[in-house]
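This is run.cif (mmCIF, C-alpha atoms and all ligand atoms).
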data_my_file
#
loop_
_atom_site.group_PDB
_atom_site.id
_atom_site.type_symbol
_atom_site.label_atom_id
_atom_site.label_comp_id
_atom_site.auth_asym_id
_atom_site.auth_seq_id
_atom_site.Cartn_x
_atom_site.Cartn_y
_atom_site.Cartn_z
ATOM 1 C CA MET L 1 -44.244 1.162 8.011
ATOM 2 C CA LYS L 2 -43.975 -0.237 4.524
ATOM 3 C CA ILE L 3 -40.468 -0.982 3.364
ATOM 4 C CA THR L 4 -40.245 -1.014 -0.395
ATOM 5 C CA LEU L 5 -37.933 -3.160 -2.442
ATOM 6 C CA PHE L 6 -36.460 0.015 -3.820
ATOM 7 C CA GLY L 7 -35.694 1.234 -0.306
ATOM 8 C CA CYS L 8 -34.005 -2.043 0.543
ATOM 9 C CA LEU L 9 -31.895 -1.908 -2.572
ATOM 10 C CA LEU L 10 -30.917 1.659 -1.832
ATOM 11 C CA LEU L 11 -29.876 0.742 1.701
ATOM 12 C CA LEU L 12 -27.891 -2.213 0.416
ATOM 13 C CA LEU L 13 -26.125 -0.036 -2.132
ATOM 14 C CA MET L 14 -25.348 2.634 0.429
ATOM 15 C CA SER L 15 -23.926 0.190 2.945
ATOM 16 C CA SER L 16 -21.700 -1.526 0.388
ATOM 17 C CA ALA L 17 -20.455 1.856 -0.832
ATOM 18 C CA ALA L 18 -19.700 2.817 2.766
ATOM 19 C CA ALA L 19 -17.805 -0.446 3.332
ATOM 20 C CA LEU L 20 -15.729 0.250 0.247
ATOM 21 C CA ALA L 21 -14.999 3.823 1.272
ATOM 22 C CA ALA L 22 -14.178 3.092 4.922
ATOM 23 C CA SER L 23 -10.493 3.253 5.720
ATOM 24 C CA PRO L 24 -9.049 -0.194 6.157
ATOM 25 C CA ALA L 25 -7.028 -1.017 9.242
ATOM 26 C CA LEU L 26 -3.351 -1.789 9.132
ATOM 27 C CA PRO L 27 -3.000 -5.598 9.160
ATOM 28 C CA LYS L 28 -1.918 -6.918 12.552
ATOM 29 C CA GLY L 29 1.342 -8.824 12.723
ATOM 30 C CA TYR L 30 2.768 -7.636 9.409
ATOM 31 C CA GLY L 31 6.128 -7.330 11.202
ATOM 32 C CA ALA L 32 6.398 -11.112 10.921
ATOM 33 C CA TRP L 33 5.926 -11.129 7.121
ATOM 34 C CA GLN L 34 8.881 -11.440 4.771
ATOM 35 C CA LYS L 35 10.887 -8.223 5.003
ATOM 36 C CA SER L 36 12.847 -6.425 2.300
ATOM 37 C CA GLU L 37 16.356 -5.087 2.578
ATOM 38 C CA ARG L 38 16.791 -1.606 4.048
ATOM 39 C CA LYS L 39 16.060 1.018 1.375
ATOM 40 C CA VAL L 40 17.272 4.613 1.426
ATOM 41 C CA VAL L 41 15.726 7.336 -0.781
ATOM 42 C CA THR L 42 17.664 10.617 -0.689
ATOM 43 C CA ASP L 43 15.444 12.552 -3.143
ATOM 44 C CA LYS L 44 13.712 15.056 -0.870
ATOM 45 C CA LYS L 45 10.911 15.584 -3.382
ATOM 46 C CA SER L 46 9.857 11.939 -3.206
ATOM 47 C CA LEU L 47 7.052 10.791 -0.917
ATOM 48 C CA PHE L 48 9.434 7.934 -0.139
ATOM 49 C CA TYR L 49 12.223 10.275 1.067
ATOM 50 C CA GLY L 50 13.907 8.593 4.017
ATOM 51 C CA ILE L 51 14.479 4.993 4.959
ATOM 52 C CA HIS L 52 11.949 2.266 4.330
ATOM 53 C CA TYR L 53 11.358 -1.452 4.696
ATOM 54 C CA MET L 54 8.727 -3.445 2.815
ATOM 55 C CA TYR L 55 6.789 -6.399 4.248
ATOM 56 C CA ALA L 56 4.978 -8.890 2.007
ATOM 57 C CA ASP L 57 2.528 -11.585 3.128
ATOM 58 C CA LYS L 58 2.593 -15.141 1.720
ATOM 59 C CA LYS L 59 0.241 -14.357 -1.176
ATOM 60 C CA ALA L 60 2.252 -11.293 -2.135
ATOM 61 C CA ILE L 61 5.503 -13.289 -2.084
ATOM 62 C CA LYS L 62 3.860 -15.761 -4.512
ATOM 63 C CA GLY L 63 2.944 -12.776 -6.685
ATOM 64 C CA TYR L 64 6.507 -11.485 -6.681
ATOM 65 C CA GLN L 65 7.777 -14.976 -7.504
ATOM 66 C CA ALA L 66 5.383 -15.136 -10.454
ATOM 67 C CA GLY L 67 6.993 -11.971 -11.857
ATOM 68 C CA ASN L 68 4.568 -9.504 -10.243
ATOM 69 C CA LYS L 69 1.222 -11.179 -10.872
ATOM 70 C CA PHE L 70 -0.527 -10.930 -7.553
ATOM 71 C CA PRO L 71 -3.398 -13.105 -6.277
ATOM 72 C CA GLU L 72 -6.504 -11.452 -4.762
ATOM 73 C CA GLY L 73 -5.899 -10.528 -1.129
ATOM 74 C CA SER L 74 -2.101 -10.046 -1.437
ATOM 75 C CA ARG L 75 -0.845 -7.456 1.033
ATOM 76 C CA ILE L 76 2.310 -5.348 1.049
ATOM 77 C CA VAL L 77 3.158 -2.865 3.803
ATOM 78 C CA VAL L 78 5.939 -0.251 3.804
ATOM 79 C CA GLU L 79 7.292 1.379 6.971
ATOM 80 C CA PHE L 80 9.100 4.706 6.695
ATOM 81 C CA PHE L 81 11.697 6.240 8.986
ATOM 82 C CA ASN L 82 13.337 9.650 8.990
ATOM 83 C CA ILE L 83 16.923 9.979 7.833
ATOM 84 C CA LYS L 84 19.217 11.116 10.627
ATOM 85 C CA GLU L 85 22.419 13.073 10.139
ATOM 86 C CA ASN L 86 24.118 9.708 10.143
ATOM 87 C CA PRO L 87 22.103 7.880 7.436
ATOM 88 C CA ALA L 88 23.322 4.488 8.677
ATOM 89 C CA VAL L 89 20.971 4.865 11.645
ATOM 90 C CA ASP L 90 17.166 4.960 11.312
ATOM 91 C CA GLY L 91 15.359 7.984 12.737
ATOM 92 C CA PRO L 92 11.822 7.769 14.132
ATOM 93 C CA LYS L 93 9.068 6.077 12.145
ATOM 94 C CA ASN L 94 6.986 8.637 10.245
ATOM 95 C CA MET L 95 4.528 6.782 8.007
ATOM 96 C CA VAL L 96 3.181 3.361 7.007
ATOM 97 C CA VAL L 97 1.501 2.505 3.689
ATOM 98 C CA LEU L 98 -0.488 -0.517 2.541
ATOM 99 C CA MET L 99 -1.426 -2.060 -0.779
ATOM 100 C CA GLN L 100 -3.998 -4.862 -0.726
ATOM 101 C CA LYS L 101 -5.146 -6.597 -3.884
ATOM 102 C CA ASP L 102 -8.896 -5.945 -4.109
ATOM 103 C CA LYS L 103 -10.610 -6.356 -7.461
ATOM 104 C CA ARG L 104 -13.381 -3.894 -6.459
ATOM 105 C CA ARG L 105 -10.875 -1.013 -6.552
ATOM 106 C CA THR L 106 -11.015 -0.540 -10.281
ATOM 107 C CA GLU L 107 -10.031 3.114 -10.013
ATOM 108 C CA THR L 108 -6.610 2.178 -8.655
ATOM 109 C CA GLY L 109 -5.658 -0.854 -10.719
ATOM 110 C CA GLY L 110 -7.440 -3.459 -8.568
ATOM 111 C CA TRP L 111 -5.454 -2.507 -5.469
ATOM 112 C CA LEU L 112 -6.519 -0.792 -2.281
ATOM 113 C CA PHE L 113 -3.987 1.911 -1.380
ATOM 114 C CA ALA L 114 -3.969 3.292 2.171
ATOM 115 C CA GLY L 115 -1.728 5.565 4.222
ATOM 116 C CA PHE L 116 -1.260 5.552 8.005
ATOM 117 C CA GLY L 117 0.600 7.636 10.531
ATOM 118 C CA ALA L 118 3.465 6.262 12.630
ATOM 119 C CA ASP L 119 0.822 5.296 15.207
ATOM 120 C CA GLY L 120 -0.937 3.064 12.640
ATOM 121 C CA LYS L 121 -4.029 5.324 12.428
ATOM 122 C CA PRO L 122 -5.392 6.098 8.922
ATOM 123 C CA SER L 123 -3.937 9.357 7.640
ATOM 124 C CA GLY L 124 -6.871 10.044 5.312
ATOM 125 C CA ILE L 125 -4.598 10.264 2.281
ATOM 126 C CA ASP L 126 -6.452 10.161 -1.056
ATOM 127 C CA PRO L 127 -5.376 6.983 -2.874
ATOM 128 C CA VAL L 128 -6.218 8.246 -6.346
ATOM 129 C CA LYS L 129 -4.595 11.660 -6.016
ATOM 130 C CA ASN L 130 -1.688 10.737 -3.747
ATOM 131 C CA CYS L 131 -0.809 7.142 -4.450
ATOM 132 C CA PHE L 132 -1.824 5.675 -7.759
ATOM 133 C CA GLY L 133 -0.045 8.138 -10.083
ATOM 134 C CA CYS L 134 3.489 6.935 -9.385
ATOM 135 C CA HIS L 135 2.501 3.286 -9.340
ATOM 136 C CA GLN L 136 0.702 3.616 -12.658
ATOM 137 C CA LYS L 137 3.623 5.460 -14.215
ATOM 138 C CA ASP L 138 6.357 3.135 -12.939
ATOM 139 C CA ALA L 139 4.664 -0.250 -12.832
ATOM 140 C CA ALA L 140 1.637 -0.481 -15.155
ATOM 141 C CA GLN L 141 3.257 -3.564 -16.749
ATOM 142 C CA GLN L 142 3.910 -5.306 -13.413
ATOM 143 C CA ASP L 143 0.544 -5.190 -11.649
ATOM 144 C CA PHE L 144 1.271 -1.664 -10.292
ATOM 145 C CA VAL L 145 3.833 -3.048 -7.851
ATOM 146 C CA ILE L 146 7.148 -1.260 -8.265
ATOM 147 C CA SER L 147 9.387 -3.527 -6.196
ATOM 148 C CA THR L 148 10.224 -7.054 -7.352
ATOM 149 C CA ILE L 149 11.241 -10.347 -5.730
ATOM 150 C CA LYS L 150 14.864 -9.105 -5.828
ATOM 151 C CA ASP L 151 14.007 -6.620 -3.073
ATOM 152 C CA PHE L 152 13.126 -9.522 -0.789
ATOM 153 C CA LYS L 153 16.279 -11.595 -1.350
ATOM 154 C CA ARG L 154 18.850 -11.063 1.316
HETATM 155 C C1 LIG L 201 6.519 9.548 -5.552
HETATM 156 C C2 LIG L 201 5.951 8.362 -6.164
HETATM 157 C C3 LIG L 201 5.103 7.473 -5.257
HETATM 158 C C4 LIG L 201 3.939 7.799 -4.618
HETATM 159 C C5 LIG L 201 3.198 9.117 -4.656
HETATM 160 C C6 LIG L 201 3.527 6.609 -3.893
HETATM 161 N N1 LIG L 201 4.403 5.600 -4.096
HETATM 162 FE FE1 LIG L 201 4.264 3.740 -3.310
HETATM 163 N N2 LIG L 201 6.080 3.282 -4.138
HETATM 164 C C7 LIG L 201 6.856 4.121 -4.904
HETATM 165 C C8 LIG L 201 8.114 3.488 -5.219
HETATM 166 C C9 LIG L 201 9.250 4.071 -6.077
HETATM 167 C C10 LIG L 201 8.087 2.214 -4.599
HETATM 168 C C11 LIG L 201 9.160 1.144 -4.610
HETATM 169 C C12 LIG L 201 10.000 1.219 -3.364
HETATM 170 C C13 LIG L 201 11.125 0.222 -3.369
HETATM 171 O O1 LIG L 201 11.266 -0.567 -4.317
HETATM 172 O O2 LIG L 201 11.892 0.227 -2.397
HETATM 173 C C14 LIG L 201 6.770 2.122 -3.936
HETATM 174 C C15 LIG L 201 6.345 1.011 -3.242
HETATM 175 C C16 LIG L 201 5.139 0.913 -2.576
HETATM 176 C C17 LIG L 201 4.673 -0.274 -1.914
HETATM 177 C C18 LIG L 201 5.381 -1.626 -1.900
HETATM 178 C C19 LIG L 201 4.950 -2.396 -3.158
HETATM 179 C C20 LIG L 201 5.536 -1.803 -4.432
HETATM 180 O O3 LIG L 201 4.777 -1.258 -5.259
HETATM 181 O O4 LIG L 201 6.759 -1.876 -4.604
HETATM 182 C C21 LIG L 201 3.469 0.046 -1.352
HETATM 183 C C22 LIG L 201 2.586 -0.883 -0.526
HETATM 184 C C23 LIG L 201 3.183 1.408 -1.683
HETATM 185 N N3 LIG L 201 4.206 1.923 -2.431
HETATM 186 C C24 LIG L 201 2.030 2.077 -1.308
HETATM 187 C C25 LIG L 201 1.793 3.425 -1.588
HETATM 188 C C26 LIG L 201 0.664 4.167 -1.065
HETATM 189 C C27 LIG L 201 -0.438 3.605 -0.178
HETATM 190 C C28 LIG L 201 0.776 5.434 -1.548
HETATM 191 C C29 LIG L 201 -0.104 6.629 -1.213
HETATM 192 C C30 LIG L 201 -0.139 6.952 0.190
HETATM 193 C C31 LIG L 201 1.978 5.460 -2.383
HETATM 194 N N4 LIG L 201 2.557 4.229 -2.389
HETATM 195 C C32 LIG L 201 2.389 6.565 -3.097
HETATM 196 C C33 LIG L 201 6.493 5.386 -5.345
HETATM 197 C C34 LIG L 201 5.395 6.080 -4.909
#
Take the structure in this file and express it as structure tokens.
Amino acid sequence: MKITLFGCLLLLLMSSAAALAASPALPKGYGAWQKSERKVVTDKKSLFYGIHYMYADKKAIKGYQAGNKFPEGSRIVVEFFNIKENPAVDGPKNMVVLMQKDKRRTETGGWLFAGFGADGKPSGIDPVKNCFGCHQKDAAQQDFVISTIKDFKR
């Protein structure tokens, strides 16, 4: 069989598009990254309703320290927990989200956005429709990251 250059190029294009579209995995060991203070959001309309903690890797901490200018590869994870009747106590985990600086993701400000269930499996959430809007609205001037280094000082 004759394989044309065009065919090769097409295959190459398709496989790189697939790699870009594939859901990323939740980084292993993020629990050991620098952790934010405990945050409580009581607005039931917010996606962030409940209790959450943010985790930032070393690159992301550098980005926060530089006033929210993040180097390629920076990763920030947020873990969410239900609010119980007594809000001082965390309920069960209900969601995990990830932002990873990736210059190929031009549609979402050069960041990969991904959502996961409590079990760490991709939740198939659409990053453009369900994630980027708020980050663009609240943090276009700070590299689309809403939190700042203050959130990591305890
Ligand atoms: C309702 C608006 C809203 C939507 C929708 C939203 N976020 Fe956020 N996000 C926020 C706010 C507000 C914070 C800051 C939380 C804090 O400072 O405690 C935040 C923080 C984060 C952070 C920590 C870094 C930062 O920007 O402070 C990550 C990671 C994150 N969001 C990922 C996601 C992902 C992935 C999605 C889609 C599944 C998403 N977000 C959708 C409002 C939103």
**Report entry** Selection within 7 Å of ligand LIG 201 (chain L) by all atoms listed in the file, output as a count of residues only
**Finding:** 28
Query raised in the report: Looking at all atoms listed in the file, which of L:Lys59, L:Ala32, L:Gly50, L:Gln65 is the one that sits closest to Lys150 (chain L)?
Result: L:Gln65
Requested in this report: Carefully work through the PyMOL selection byres (((chain L and resi 70) around 12) and not hetatm) for this structure and note down the residues it includes, as a PyMOL selection string.
Outcome: chain L and resi 56-69+71-76+99-103+109-111+142-145+148-149
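For the atom pair formed by CA of Val41 (chain L) and CA of Pro92 (chain L), the distance is 15.4 Å, given to one decimal.
Here CA of Met95 (chain L) is placed at a distance of 20.4 Å from CA of Phe152 (chain L).
CA of Gly91 (chain L) is positioned 8.4 Å from CA of Ile51 (chain L).
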Build an axis-aligned box that encloses every atom of region 48-57 of chain L listed in the file, pad it by 3 Å on each side, and report its centre and edge lengths in Å to one decimal, as JSON.
{"center_x": 8.5, "center_y": -0.7, "center_z": 2.4, "size_x": 18.0, "size_y": 27.9, "size_z": 11.1}
**Report entry** Residue among L:Phe81, L:Tyr55, L:Tyr49, L:Phe116 lying closest to Gln34 (chain L), counting all atoms listed in the file
**Finding:**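 Smallest separation from Gln34 (chain L) among the options: L:Tyr55.
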Generate the coordinates of N, CA and C atoms for region 21-35 of chain L; report them as a short mmCIF file (atom, residue, chain, number, x, y, z; two decimals), in the frame of the given file.
data_model
loop_
_atom_site.label_atom_id
_atom_site.label_comp_id
_atom_site.auth_asym_id
_atom_site.auth_seq_id
_atom_site.Cartn_x
_atom_site.Cartn_y
_atom_site.Cartn_z
N ALA L 21 -15.66 2.55 1.02
CA ALA L 21 -15.00 3.82 1.27
C ALA L 21 -14.28 3.85 2.62
N ALA L 22 -14.77 3.05 3.58
CA ALA L 22 -14.18 3.09 4.92
C ALA L 22 -12.69 2.79 4.87
N SER L 23 -11.94 3.49 5.71
CA SER L 23 -10.49 3.25 5.72
C SER L 23 -10.22 1.88 6.31
N PRO L 24 -9.39 1.12 5.64
CA PRO L 24 -9.05 -0.19 6.16
C PRO L 24 -8.09 -0.03 7.34
N ALA L 25 -7.99 -1.06 8.14
CA ALA L 25 -7.03 -1.02 9.24
C ALA L 25 -5.71 -1.59 8.76
N LEU L 26 -4.67 -1.22 9.43
CA LEU L 26 -3.35 -1.79 9.13
C LEU L 26 -3.37 -3.25 9.59
N PRO L 27 -2.94 -4.19 8.74
CA PRO L 27 -3.00 -5.60 9.16
C PRO L 27 -2.14 -5.83 10.41
N LYS L 28 -2.68 -6.61 11.33
CA LYS L 28 -1.92 -6.92 12.55
C LYS L 28 -0.83 -7.93 12.21
N GLY L 29 0.31 -7.80 12.84
CA GLY L 29 1.34 -8.82 12.72
C GLY L 29 2.13 -8.78 11.43
N TYR L 30 2.02 -7.67 10.67
CA TYR L 30 2.77 -7.64 9.41
C TYR L 30 4.28 -7.65 9.65
N GLY L 31 4.69 -7.30 10.86
CA GLY L 31 6.13 -7.33 11.20
C GLY L 31 6.74 -8.71 11.06
N ALA L 32 5.88 -9.74 11.05
CA ALA L 32 6.40 -11.11 10.92
C ALA L 32 6.42 -11.58 9.47
N TRP L 33 5.91 -10.75 8.54
CA TRP L 33 5.93 -11.13 7.12
C TRP L 33 7.36 -11.03 6.58
N GLN L 34 7.55 -11.53 5.37
CA GLN L 34 8.88 -11.44 4.77
C GLN L 34 9.25 -9.97 4.55
N LYS L 35 10.47 -9.63 4.97
CA LYS L 35 10.89 -8.22 5.00
C LYS L 35 11.94 -7.95 3.93
#
